[in-house]
There are 2 protein chains.
Amino acid sequence: MTPETAPATRRRGEVLDEAIRSAVLDLVIDHGVAGVTMEAVASRAGTSKPVLYRRWDSRAALLRDTLVPLAMKAIPSTDTGSYRSDMLAILQGWADFFASPAGAIGPAIVGAMPHDPELAAAFRGGVIAWRKQAMAETLRRGIARGEVREDVPVDVARELGQALLWHRFLITGDPITRELIEEIVDDILVPFTAPRG
Amino acid sequence: MTPETAPATRRRGEVLDEAIRSAVLDLVIDHGVAGVTMEAVASRAGTSKPVLYRRWDSRAALLRDTLVPLAMKAIPSTDTGSYRSDMLAILQGWADFFASPAGAIGPAIVGAMPHDPELAAAFRGGVIAWRKQAMAETLRRGIARGEVREDVPVDVARELGQALLWHRFLITGDPITRELIEEIVDDILVPFTAPRG
DNA sequence: CAAATAGGAAACGCAAGCGTTTCTTGTATG
DNA sequence: CATACAAGAAACGCTTGCGTTTCCTATTTG
């Protein structure tokens with residue numbers, strides 16, 4: 001046990017940041033957003049409240065800075081070569097997110113937004129705006145390939161698939177299967193967006 | 001001020017029950033579900049905690065018994081004579097509910113269900129099951145009239161319209177307009193369910 | 001009318017959480 | 001090496017909320 005090999009007892013920088021983020025997610029999963037208190041996060045992350053308050057001036061800021069980036073990295077943005085296979089990949093990405101531990105942030109954010117305008121702005125202005133843009137891009141590529149009609153109502157078309165998945169995830173609790181995804185794409189999305197012949 | 005006309009100072013039965021229900025909804029609207037504490041409900045309803053505990057053994061039971069019936073009476077179940085006008089009425093009912101003060105219970109329930117299995121069972125087994133049944137009934141009537149194809153995939157068809165509305169209400173915050181409702185019915189639902197050929 | 005019920009006020013002891021302060025000391029930097 | 005920074009432990013005083021008890025008395029019931 002020489003001094004050179006004594007293990008570090010305190011964490012700094014990214015190591016500590018990751019421990020805090022991980023603690024927040026664990027608490028959301030276990031107890032919902034109400035379980036995310038400064039006391040609980042500090043305890044779970046093996047740190048102290050002054051450490052948290054040095055970074056965030058409030059619980060709301062901590063939640064916002066932790067939950068929103070998790071939602072941001074969930075979904076592939078990918079050009080697969082066809083509108084159909086783009087949509088299959090995107091909807092599968094959502095389904096995988098919902099099935100993952102991080103999916104717990106979905107209902108947490110939805111429940112919190114009505115009373116946290118900054119969280120709502122971050123989530124809708126960040127994550128959702130980005131997803132809308134990516135979906136519009138997907139439709140644009142489809143139009144360029146001649147797979148999607150030029151007068152497709154983009155506003156509705158870009159949300160139609162994920163709306164069904166969110167509905168099952170948040171509201172009805174019904175299963176989200178690969179078969180459902182293919183049905184949505186082949187029986188709803190493709191007919192709805194296809195050029196009219 | 002004769003004794004016969006002295007105003008009542010205590011409430012009983014339905015009058016008191018309604019005051020409690022109203023207090024819960026007010027608190028959800030103002031503070032979200034986290035604001036619904038036994039202290040706050042008692043104070044808001046102008047009653048006392050023993051009165052609440054005489055009725056419910058826990059905050060969770062009070063929430064469940066208050067929020068779920070509110071969701072239950074939101075939506076018309078109506079036979080208007082055609083599948084199209086049925087769907088217009090139903091989706092307008094959802095839109096009106098979301099725009100009403102009681103709409104606040106939507107995100108409240110969604111946020112709470114992952115950690116309250118009894119609430120989830122009440123909401124999904126009660127409200128949602130009832131809505132699914134009513135939607136299946138609507139499709140059946142459409143089939144009988146020849147407006148809806150006999151092989152319509154009921155599982156997806158019965159949730160498609162409201163999924164889009166819930167998505168806007170809970171996730172994106174985009175407006176829910178009469179034009180949107182008509183677009184959903186005329187451009188998505190009717191083509192998707194219509195007989196082929 | 002008398003008796004029973006339960007509404008409402010007030011209080012209780014306890015726990016959890018808040019935001020902050022003080023202190024020690026591990027770790028990074030120059 | 002010395003210095004600066006910040007991590008982590010511990011404690012603080014305060015607030016809110018919990019579930020419960022006691023008491024008084026309004027209201028209903030028989």
# chains A, B, ... in the order shown; residues from 1 in each chain; ligands from 1
$ interface_residues --of "chain D" --to "chain B" --cutoff "10 Å" --atoms "only C-alpha atoms (C1' of nucleotides)" --output "PyMOL selection string"
chain D and resi 16-20+26-28
$ write_last_selection --atoms "N, CA and C atoms (P, O5', C5', C4', C3', O3' and C1' of nucleotides)" --output "PDB file, in the first residue's frame"
ATOM      1  P    DT D  16     -44.296  26.697   5.573  1.00  0.00           P
ATOM      2  O5'  DT D  16     -44.573  25.198   5.115  1.00  0.00           O
ATOM      3  C5'  DT D  16     -43.766  24.619   4.118  1.00  0.00           C
ATOM      4  C4'  DT D  16     -44.015  23.129   4.076  1.00  0.00           C
ATOM      5  C3'  DT D  16     -45.493  22.752   4.194  1.00  0.00           C
ATOM      6  O3'  DT D  16     -45.816  21.971   3.072  1.00  0.00           O
ATOM      7  C1'  DT D  16     -44.157  21.485   5.707  1.00  0.00           C
ATOM      8  P    DG D  17     -47.308  21.570   2.738  1.00  0.00           P
ATOM      9  O5'  DG D  17     -47.366  20.097   3.317  1.00  0.00           O
ATOM     10  C5'  DG D  17     -46.436  19.140   2.840  1.00  0.00           C
ATOM     11  C4'  DG D  17     -46.532  17.904   3.691  1.00  0.00           C
ATOM     12  C3'  DG D  17     -47.965  17.484   3.995  1.00  0.00           C
ATOM     13  O3'  DG D  17     -48.214  16.222   3.405  1.00  0.00           O
ATOM     14  C1'  DG D  17     -46.587  17.430   5.945  1.00  0.00           C
ATOM     15  P    DC D  18     -49.571  15.421   3.660  1.00  0.00           P
ATOM     16  O5'  DC D  18     -49.130  14.388   4.785  1.00  0.00           O
ATOM     17  C5'  DC D  18     -47.979  13.567   4.580  1.00  0.00           C
ATOM     18  C4'  DC D  18     -47.753  12.748   5.810  1.00  0.00           C
ATOM     19  C3'  DC D  18     -49.037  12.060   6.299  1.00  0.00           C
ATOM     20  O3'  DC D  18     -48.926  10.666   6.051  1.00  0.00           O
ATOM     21  C1'  DC D  18     -47.862  13.160   8.099  1.00  0.00           C
ATOM     22  P    DG D  19     -50.269   9.824   5.862  1.00  0.00           P
ATOM     23  O5'  DG D  19     -50.651   9.476   7.359  1.00  0.00           O
ATOM     24  C5'  DG D  19     -49.762   8.670   8.121  1.00  0.00           C
ATOM     25  C4'  DG D  19     -50.228   8.682   9.566  1.00  0.00           C
ATOM     26  C3'  DG D  19     -51.706   8.317   9.744  1.00  0.00           C
ATOM     27  O3'  DG D  19     -51.770   7.358  10.780  1.00  0.00           O
ATOM     28  C1'  DG D  19     -51.234  10.368  10.813  1.00  0.00           C
ATOM     29  P    DT D  20     -53.180   6.790  11.299  1.00  0.00           P
ATOM     30  O5'  DT D  20     -53.349   7.582  12.666  1.00  0.00           O
ATOM     31  C5'  DT D  20     -52.242   7.630  13.584  1.00  0.00           C
ATOM     32  C4'  DT D  20     -52.537   8.583  14.705  1.00  0.00           C
ATOM     33  C3'  DT D  20     -53.931   8.421  15.301  1.00  0.00           C
ATOM     34  O3'  DT D  20     -53.824   7.842  16.592  1.00  0.00           O
ATOM     35  C1'  DT D  20     -53.313  10.710  15.020  1.00  0.00           C
ATOM     36  P    DA D  26     -73.156  24.414  17.688  1.00  0.00           P
ATOM     37  O5'  DA D  26     -73.487  24.180  16.155  1.00  0.00           O
ATOM     38  C5'  DA D  26     -72.413  24.087  15.213  1.00  0.00           C
ATOM     39  C4'  DA D  26     -72.742  23.074  14.149  1.00  0.00           C
ATOM     40  C3'  DA D  26     -74.165  23.108  13.633  1.00  0.00           C
ATOM     41  O3'  DA D  26     -74.085  22.872  12.234  1.00  0.00           O
ATOM     42  C1'  DA D  26     -73.718  20.958  14.479  1.00  0.00           C
ATOM     43  P    DT D  27     -75.310  23.134  11.305  1.00  0.00           P
ATOM     44  O5'  DT D  27     -75.903  21.664  11.182  1.00  0.00           O
ATOM     45  C5'  DT D  27     -75.115  20.659  10.538  1.00  0.00           C
ATOM     46  C4'  DT D  27     -75.765  19.314  10.731  1.00  0.00           C
ATOM     47  C3'  DT D  27     -77.238  19.245  10.348  1.00  0.00           C
ATOM     48  O3'  DT D  27     -77.318  18.469   9.171  1.00  0.00           O
ATOM     49  C1'  DT D  27     -76.720  17.990  12.306  1.00  0.00           C
ATOM     50  P    DT D  28     -78.736  18.058   8.548  1.00  0.00           P
ATOM     51  O5'  DT D  28     -78.887  16.542   9.032  1.00  0.00           O
ATOM     52  C5'  DT D  28     -77.780  15.648   8.862  1.00  0.00           C
ATOM     53  C4'  DT D  28     -78.106  14.324   9.531  1.00  0.00           C
ATOM     54  C3'  DT D  28     -79.463  13.748   9.143  1.00  0.00           C
ATOM     55  O3'  DT D  28     -79.250  12.394   8.811  1.00  0.00           O
ATOM     56  C1'  DT D  28     -79.273  13.858  11.499  1.00  0.00           C
TER      57       DT D  28
END
$ calpha_fit_rmsd --fixed "chain B" --moving "chain A"
0.1 Å
$ closest_atom_pairs --of "chain A" --to "chain B" --cutoff "10 Å" --atoms "only C-alpha atoms" --output "Markdown table"
| residue | atom | partner | partner_atom | distance |
| --- | --- | --- | --- | --- |
| A:Val28 | CA | B:His115 | CA | 9.8 |
| A:Ile29 | CA | B:Pro114 | CA | 8.8 |
| A:Asp30 | CA | B:His115 | CA | 8.0 |
| A:His31 | CA | B:His115 | CA | 6.5 |
| A:Gly32 | CA | B:His115 | CA | 6.5 |
| A:Val33 | CA | B:Gly111 | CA | 8.2 |
| A:Ala34 | CA | B:Ala34 | CA | 7.3 |
| A:Ala104 | CA | B:Pro114 | CA | 8.1 |
| A:Ile105 | CA | B:Gly111 | CA | 9.5 |
| A:Gly106 | CA | B:Gly111 | CA | 8.4 |
| A:Pro107 | CA | B:Gly111 | CA | 4.7 |
| A:Ala108 | CA | B:Gly111 | CA | 5.3 |
| A:Ile109 | CA | B:Gly111 | CA | 7.6 |
| A:Val110 | CA | B:Pro107 | CA | 5.8 |
| A:Gly111 | CA | B:Gly111 | CA | 4.0 |
| A:Ala112 | CA | B:Gly111 | CA | 7.3 |
| A:Met113 | CA | B:Pro107 | CA | 8.3 |
| A:Pro114 | CA | B:Gly32 | CA | 7.4 |
| A:His115 | CA | B:Gly32 | CA | 6.5 |
| A:Asp116 | CA | B:Gly32 | CA | 9.7 |
| A:Ala120 | CA | B:Gly173 | CA | 9.0 |
| A:Phe123 | CA | B:Ile171 | CA | 8.8 |
| A:Arg124 | CA | B:Thr172 | CA | 6.0 |
| A:Gly125 | CA | B:Thr172 | CA | 9.2 |
| A:Val127 | CA | B:Thr172 | CA | 9.7 |
| A:Ile128 | CA | B:Thr172 | CA | 6.5 |
| A:Ala129 | CA | B:Thr172 | CA | 8.4 |
| A:Lys132 | CA | B:Thr172 | CA | 9.5 |
| A:Pro153 | CA | B:Glu183 | CA | 9.5 |
| A:Asp155 | CA | B:Leu180 | CA | 9.8 |
| A:Val156 | CA | B:Ile184 | CA | 8.3 |
| A:Ala157 | CA | B:Ile188 | CA | 9.8 |
| A:Glu159 | CA | B:Leu164 | CA | 7.6 |
| A:Leu160 | CA | B:Leu164 | CA | 6.5 |
| A:Gly161 | CA | B:Leu164 | CA | 9.0 |
| A:Gln162 | CA | B:His167 | CA | 8.4 |
| A:Ala163 | CA | B:His167 | CA | 5.3 |
| A:Leu164 | CA | B:Ala163 | CA | 5.4 |
| A:Leu165 | CA | B:Ala163 | CA | 8.4 |
| A:Trp166 | CA | B:His167 | CA | 7.0 |
| A:His167 | CA | B:Ala163 | CA | 5.3 |
| A:Arg168 | CA | B:Ala163 | CA | 8.4 |
| A:Phe169 | CA | B:Val110 | CA | 9.8 |
| A:Leu170 | CA | B:Val110 | CA | 6.1 |
| A:Ile171 | CA | B:Val110 | CA | 6.8 |
| A:Thr172 | CA | B:Arg124 | CA | 6.0 |
| A:Gly173 | CA | B:Arg124 | CA | 7.6 |
| A:Asp174 | CA | B:Arg124 | CA | 9.6 |
| A:Leu180 | CA | B:Val156 | CA | 8.5 |
| A:Glu183 | CA | B:Val156 | CA | 8.8 |
| A:Ile184 | CA | B:Val156 | CA | 8.3 |
| A:Asp187 | CA | B:Phe192 | CA | 7.8 |
| A:Ile188 | CA | B:Phe192 | CA | 6.9 |
| A:Leu189 | CA | B:Ile188 | CA | 9.3 |
| A:Pro191 | CA | B:Phe192 | CA | 8.5 |
| A:Phe192 | CA | B:Ile188 | CA | 6.9 |
$ atom_distance --atom1 "C1' of DG8 (chain D)" --atom2 "CA of Ala45 (chain A)"
11.5 Å
$ select_by_dssp --residues "region 64-168 of chain A" --states "alpha helix (DSSP H)" --output "compact mmCIF listing (two decimals) with N, CA, C and O atoms, in the first residue's frame"
# COMPACT_ATOMS: atom_id res chain seq x y z
N ARG A 64 -34.11 19.57 -15.01
CA ARG A 64 -34.10 19.98 -16.40
C ARG A 64 -32.79 19.59 -17.08
O ARG A 64 -32.78 19.00 -18.16
N ASP A 65 -31.69 19.90 -16.42
CA ASP A 65 -30.37 19.63 -17.01
C ASP A 65 -30.04 18.15 -17.07
O ASP A 65 -29.08 17.76 -17.72
N THR A 66 -30.79 17.36 -16.36
CA THR A 66 -30.51 15.92 -16.33
C THR A 66 -31.45 15.16 -17.25
O THR A 66 -31.00 14.30 -18.03
N LEU A 67 -32.73 15.48 -17.20
CA LEU A 67 -33.71 14.69 -17.95
C LEU A 67 -33.71 15.00 -19.44
O LEU A 67 -33.80 14.09 -20.27
N VAL A 68 -33.59 16.26 -19.78
CA VAL A 68 -33.74 16.64 -21.19
C VAL A 68 -32.64 16.04 -22.06
O VAL A 68 -32.94 15.46 -23.10
N PRO A 69 -31.36 16.11 -21.69
CA PRO A 69 -30.34 15.45 -22.52
C PRO A 69 -30.55 13.94 -22.66
O PRO A 69 -30.19 13.36 -23.69
N LEU A 70 -31.11 13.29 -21.65
CA LEU A 70 -31.40 11.86 -21.78
C LEU A 70 -32.40 11.62 -22.91
O LEU A 70 -32.24 10.67 -23.69
N ALA A 71 -33.42 12.45 -22.98
CA ALA A 71 -34.40 12.30 -24.05
C ALA A 71 -33.78 12.62 -25.39
O ALA A 71 -34.16 12.05 -26.42
N MET A 72 -32.82 13.50 -25.38
CA MET A 72 -32.22 13.98 -26.61
C MET A 72 -31.42 12.90 -27.35
O MET A 72 -31.31 12.93 -28.56
N TYR A 83 -38.25 6.08 -47.50
CA TYR A 83 -39.13 6.62 -46.46
C TYR A 83 -39.60 5.50 -45.54
O TYR A 83 -39.62 5.65 -44.32
N ARG A 84 -39.99 4.40 -46.13
CA ARG A 84 -40.49 3.28 -45.33
C ARG A 84 -39.46 2.81 -44.31
O ARG A 84 -39.75 2.67 -43.12
N SER A 85 -38.25 2.57 -44.78
CA SER A 85 -37.28 2.03 -43.84
C SER A 85 -36.77 3.09 -42.88
O SER A 85 -36.41 2.78 -41.74
N ASP A 86 -36.78 4.35 -43.29
CA ASP A 86 -36.52 5.44 -42.34
C ASP A 86 -37.52 5.37 -41.20
O ASP A 86 -37.16 5.40 -40.02
N MET A 87 -38.79 5.29 -41.55
CA MET A 87 -39.83 5.29 -40.51
C MET A 87 -39.76 4.06 -39.63
O MET A 87 -39.98 4.14 -38.42
N LEU A 88 -39.45 2.92 -40.23
CA LEU A 88 -39.29 1.71 -39.42
C LEU A 88 -38.18 1.90 -38.38
O LEU A 88 -38.34 1.55 -37.20
N ALA A 89 -37.06 2.49 -38.83
CA ALA A 89 -35.94 2.69 -37.91
C ALA A 89 -36.29 3.69 -36.81
O ALA A 89 -35.98 3.49 -35.64
N ILE A 90 -36.93 4.77 -37.19
CA ILE A 90 -37.27 5.81 -36.22
C ILE A 90 -38.26 5.29 -35.18
O ILE A 90 -38.09 5.48 -33.98
N LEU A 91 -39.30 4.61 -35.65
CA LEU A 91 -40.30 4.11 -34.70
C LEU A 91 -39.71 3.01 -33.83
O LEU A 91 -40.04 2.91 -32.64
N GLN A 92 -38.83 2.21 -34.39
CA GLN A 92 -38.16 1.20 -33.57
C GLN A 92 -37.28 1.88 -32.50
O GLN A 92 -37.20 1.42 -31.36
N GLY A 93 -36.67 3.00 -32.89
CA GLY A 93 -35.87 3.76 -31.91
C GLY A 93 -36.72 4.25 -30.76
O GLY A 93 -36.34 4.13 -29.59
N TRP A 94 -37.90 4.78 -31.08
CA TRP A 94 -38.81 5.20 -30.01
C TRP A 94 -39.21 4.00 -29.14
O TRP A 94 -39.23 4.08 -27.92
N ALA A 95 -39.56 2.90 -29.80
CA ALA A 95 -39.98 1.72 -29.05
C ALA A 95 -38.88 1.25 -28.11
O ALA A 95 -39.13 0.88 -26.96
N ASP A 96 -37.64 1.27 -28.60
CA ASP A 96 -36.52 0.83 -27.76
C ASP A 96 -36.32 1.78 -26.59
O ASP A 96 -36.04 1.36 -25.46
N PHE A 97 -36.47 3.07 -26.86
CA PHE A 97 -36.37 4.05 -25.78
C PHE A 97 -37.43 3.81 -24.70
O PHE A 97 -37.13 3.79 -23.51
N PHE A 98 -38.66 3.61 -25.15
CA PHE A 98 -39.74 3.39 -24.18
C PHE A 98 -39.49 2.14 -23.34
O PHE A 98 -39.86 2.06 -22.18
N ALA A 99 -38.87 1.14 -23.96
CA ALA A 99 -38.62 -0.12 -23.25
C ALA A 99 -37.38 -0.05 -22.37
O ALA A 99 -37.15 -0.95 -21.56
N ILE A 105 -38.29 8.56 -17.97
CA ILE A 105 -38.35 10.02 -17.97
C ILE A 105 -39.54 10.54 -18.79
O ILE A 105 -39.95 11.68 -18.60
N GLY A 106 -40.10 9.73 -19.65
CA GLY A 106 -41.27 10.14 -20.44
C GLY A 106 -42.40 10.63 -19.55
O GLY A 106 -42.73 11.83 -19.54
N PRO A 107 -43.04 9.72 -18.79
CA PRO A 107 -44.10 10.18 -17.89
C PRO A 107 -43.64 11.20 -16.86
O PRO A 107 -44.42 12.07 -16.46
N ALA A 108 -42.37 11.12 -16.47
CA ALA A 108 -41.88 12.11 -15.50
C ALA A 108 -41.93 13.51 -16.08
O ALA A 108 -42.41 14.46 -15.44
N ILE A 109 -41.44 13.65 -17.32
CA ILE A 109 -41.45 14.96 -17.96
C ILE A 109 -42.88 15.43 -18.23
O ILE A 109 -43.23 16.59 -17.98
N VAL A 110 -43.70 14.53 -18.75
CA VAL A 110 -45.09 14.89 -19.08
C VAL A 110 -45.83 15.38 -17.82
O VAL A 110 -46.56 16.37 -17.85
N GLY A 111 -45.59 14.68 -16.71
CA GLY A 111 -46.25 15.08 -15.48
C GLY A 111 -45.75 16.40 -14.92
O GLY A 111 -46.48 17.13 -14.26
N ALA A 112 -44.49 16.71 -15.23
CA ALA A 112 -43.89 17.90 -14.62
C ALA A 112 -44.06 19.16 -15.45
O ALA A 112 -44.10 20.27 -14.91
N PRO A 117 -42.45 25.70 -16.54
CA PRO A 117 -42.36 26.26 -17.90
C PRO A 117 -40.96 26.14 -18.51
O PRO A 117 -40.82 26.00 -19.72
N GLU A 118 -39.94 26.19 -17.67
CA GLU A 118 -38.60 26.09 -18.22
C GLU A 118 -38.30 24.68 -18.69
O GLU A 118 -37.66 24.48 -19.71
N LEU A 119 -38.79 23.70 -17.95
CA LEU A 119 -38.65 22.31 -18.41
C LEU A 119 -39.42 22.12 -19.71
O LEU A 119 -38.92 21.51 -20.66
N ALA A 120 -40.65 22.65 -19.76
CA ALA A 120 -41.45 22.53 -20.97
C ALA A 120 -40.73 23.17 -22.15
O ALA A 120 -40.67 22.61 -23.25
N ALA A 121 -40.17 24.34 -21.93
CA ALA A 121 -39.46 25.03 -23.01
C ALA A 121 -38.24 24.23 -23.46
O ALA A 121 -37.97 24.11 -24.65
N ALA A 122 -37.51 23.67 -22.50
CA ALA A 122 -36.32 22.89 -22.85
C ALA A 122 -36.70 21.64 -23.62
O ALA A 122 -36.09 21.29 -24.62
N ALA A 129 -38.57 19.84 -30.89
CA ALA A 129 -38.29 20.64 -32.09
C ALA A 129 -37.29 19.91 -32.99
O ALA A 129 -37.42 19.87 -34.21
N TRP A 130 -36.30 19.32 -32.34
CA TRP A 130 -35.28 18.56 -33.10
C TRP A 130 -35.90 17.35 -33.79
O TRP A 130 -35.65 17.08 -34.97
N ARG A 131 -36.77 16.66 -33.09
CA ARG A 131 -37.44 15.51 -33.70
C ARG A 131 -38.37 15.94 -34.84
O ARG A 131 -38.49 15.24 -35.83
N LYS A 132 -39.02 17.06 -34.68
CA LYS A 132 -39.88 17.55 -35.75
C LYS A 132 -39.07 17.86 -37.00
O LYS A 132 -39.46 17.54 -38.13
N GLN A 133 -37.90 18.48 -36.78
CA GLN A 133 -37.04 18.83 -37.90
C GLN A 133 -36.55 17.58 -38.60
O GLN A 133 -36.56 17.49 -39.83
N ALA A 134 -36.14 16.61 -37.82
CA ALA A 134 -35.65 15.36 -38.41
C ALA A 134 -36.77 14.66 -39.20
O ALA A 134 -36.52 14.09 -40.27
N MET A 135 -37.99 14.69 -38.69
CA MET A 135 -39.10 14.07 -39.39
C MET A 135 -39.42 14.82 -40.70
O MET A 135 -39.74 14.20 -41.71
N ALA A 136 -39.32 16.14 -40.63
CA ALA A 136 -39.56 16.93 -41.85
C ALA A 136 -38.50 16.60 -42.90
O ALA A 136 -38.80 16.48 -44.10
N GLU A 137 -37.28 16.41 -42.44
CA GLU A 137 -36.17 16.01 -43.31
C GLU A 137 -36.46 14.65 -43.95
O GLU A 137 -36.24 14.44 -45.15
N THR A 138 -36.95 13.74 -43.18
CA THR A 138 -37.30 12.40 -43.68
C THR A 138 -38.36 12.49 -44.77
O THR A 138 -38.27 11.82 -45.80
N LEU A 139 -39.36 13.34 -44.53
CA LEU A 139 -40.41 13.50 -45.54
C LEU A 139 -39.87 14.16 -46.80
O LEU A 139 -40.22 13.79 -47.91
N ARG A 140 -38.98 15.15 -46.58
CA ARG A 140 -38.38 15.82 -47.73
C ARG A 140 -37.60 14.85 -48.61
O ARG A 140 -37.69 14.89 -49.83
N ARG A 141 -36.85 14.00 -48.00
CA ARG A 141 -36.12 12.98 -48.76
C ARG A 141 -37.08 12.07 -49.50
O ARG A 141 -36.84 11.70 -50.66
N GLY A 142 -38.19 11.70 -48.86
CA GLY A 142 -39.19 10.87 -49.51
C GLY A 142 -39.78 11.56 -50.73
O GLY A 142 -40.00 10.93 -51.76
N ILE A 143 -40.04 12.86 -50.57
CA ILE A 143 -40.58 13.63 -51.70
C ILE A 143 -39.57 13.65 -52.85
O ILE A 143 -39.92 13.44 -54.02
N ALA A 144 -38.31 13.87 -52.50
CA ALA A 144 -37.26 13.94 -53.53
C ALA A 144 -37.13 12.61 -54.26
O ALA A 144 -36.82 12.57 -55.45
N ARG A 145 -37.37 11.53 -53.58
CA ARG A 145 -37.29 10.20 -54.20
C ARG A 145 -38.57 9.83 -54.97
O ARG A 145 -38.62 8.76 -55.58
N VAL A 154 -47.28 18.09 -43.82
CA VAL A 154 -46.10 17.76 -43.01
C VAL A 154 -46.41 17.78 -41.52
O VAL A 154 -45.98 16.91 -40.76
N ASP A 155 -47.21 18.79 -41.12
CA ASP A 155 -47.51 18.93 -39.68
C ASP A 155 -48.06 17.66 -39.06
O ASP A 155 -47.68 17.28 -37.96
N VAL A 156 -49.00 17.04 -39.76
CA VAL A 156 -49.61 15.82 -39.22
C VAL A 156 -48.76 14.60 -39.54
O VAL A 156 -48.56 13.72 -38.70
N ALA A 157 -48.21 14.55 -40.74
CA ALA A 157 -47.47 13.36 -41.17
C ALA A 157 -46.26 13.09 -40.28
O ALA A 157 -45.92 11.93 -40.03
N ARG A 158 -45.61 14.17 -39.82
CA ARG A 158 -44.39 13.93 -39.07
C ARG A 158 -44.63 13.47 -37.63
O ARG A 158 -43.71 13.03 -36.97
N GLU A 159 -45.88 13.56 -37.17
CA GLU A 159 -46.13 13.12 -35.80
C GLU A 159 -46.96 11.84 -35.71
O GLU A 159 -47.09 11.27 -34.63
N LEU A 160 -47.50 11.42 -36.81
CA LEU A 160 -48.52 10.39 -36.79
C LEU A 160 -48.02 9.07 -36.19
O LEU A 160 -48.67 8.49 -35.32
N GLY A 161 -46.88 8.63 -36.62
CA GLY A 161 -46.37 7.35 -36.12
C GLY A 161 -46.04 7.37 -34.65
O GLY A 161 -46.50 6.52 -33.88
N GLN A 162 -45.25 8.36 -34.24
CA GLN A 162 -44.86 8.37 -32.82
C GLN A 162 -46.02 8.68 -31.90
O GLN A 162 -46.01 8.24 -30.75
N ALA A 163 -47.02 9.41 -32.41
CA ALA A 163 -48.19 9.67 -31.57
C ALA A 163 -48.82 8.35 -31.11
O ALA A 163 -49.21 8.22 -29.95
N LEU A 164 -48.92 7.40 -32.03
CA LEU A 164 -49.50 6.11 -31.66
C LEU A 164 -48.65 5.38 -30.61
O LEU A 164 -49.17 4.76 -29.69
N LEU A 165 -47.34 5.48 -30.75
CA LEU A 165 -46.47 4.81 -29.78
C LEU A 165 -46.52 5.48 -28.42
O LEU A 165 -46.63 4.81 -27.38
N TRP A 166 -46.47 6.79 -28.40
CA TRP A 166 -46.59 7.53 -27.14
C TRP A 166 -47.93 7.20 -26.46
O TRP A 166 -48.00 7.04 -25.24
$ atom_distance --atom1 "CA of Ala23 (chain B)" --atom2 "CA of Val51 (chain B)"
13.8 Å
$ interface_residues --of "chain C" --to "chain A" --cutoff "9 Å" --atoms "only C-alpha atoms (C1' of nucleotides)" --output "PyMOL selection string"
chain C and resi 17-20+26-27
$ write_last_selection --atoms "N, CA, C and O atoms (P, O5', C5', C4', C3', O3' and C1' of nucleotides)" --output "tab-separated table (two decimals), in the first residue's frame"
chain	number	residue	atom	x	y	z
C	17	DG	P	-36.96	12.96	1.96
C	17	DG	O5'	-36.81	14.52	1.79
C	17	DG	C5'	-37.96	15.30	1.47
C	17	DG	C4'	-37.62	16.75	1.61
C	17	DG	C3'	-36.26	17.12	1.01
C	17	DG	O3'	-36.46	17.95	-0.13
C	17	DG	C1'	-36.59	18.11	3.15
C	18	DC	P	-35.22	18.64	-0.88
C	18	DC	O5'	-35.18	20.08	-0.22
C	18	DC	C5'	-36.37	20.88	-0.19
C	18	DC	C4'	-36.07	22.16	0.55
C	18	DC	C3'	-34.78	22.81	0.06
C	18	DC	O3'	-35.12	23.99	-0.67
C	18	DC	C1'	-34.87	22.69	2.47
C	19	DG	P	-34.08	24.50	-1.78
C	19	DG	O5'	-33.09	25.39	-0.92
C	19	DG	C5'	-33.59	26.53	-0.24
C	19	DG	C4'	-32.52	27.08	0.66
C	19	DG	C3'	-31.17	27.32	-0.03
C	19	DG	O3'	-30.74	28.61	0.36
C	19	DG	C1'	-30.88	25.96	1.88
C	20	DT	P	-29.32	29.14	-0.11
C	20	DT	O5'	-28.45	29.00	1.21
C	20	DT	C5'	-29.02	29.48	2.45
C	20	DT	C4'	-28.15	29.05	3.60
C	20	DT	C3'	-26.66	29.29	3.38
C	20	DT	O3'	-26.23	30.35	4.22
C	20	DT	C1'	-27.09	27.17	4.38
C	26	DG	P	-6.99	13.56	3.03
C	26	DG	O5'	-7.40	13.14	1.56
C	26	DG	C5'	-8.77	12.96	1.25
C	26	DG	C4'	-9.06	13.45	-0.16
C	26	DG	C3'	-8.03	13.06	-1.20
C	26	DG	O3'	-8.76	12.78	-2.38
C	26	DG	C1'	-8.24	15.42	-1.15
C	27	DT	P	-8.11	12.05	-3.61
C	27	DT	O5'	-7.78	13.27	-4.56
C	27	DT	C5'	-8.86	14.00	-5.13
C	27	DT	C4'	-8.36	15.22	-5.84
C	27	DT	C3'	-7.22	14.98	-6.85
C	27	DT	O3'	-7.75	15.30	-8.12
C	27	DT	C1'	-6.87	16.94	-5.55
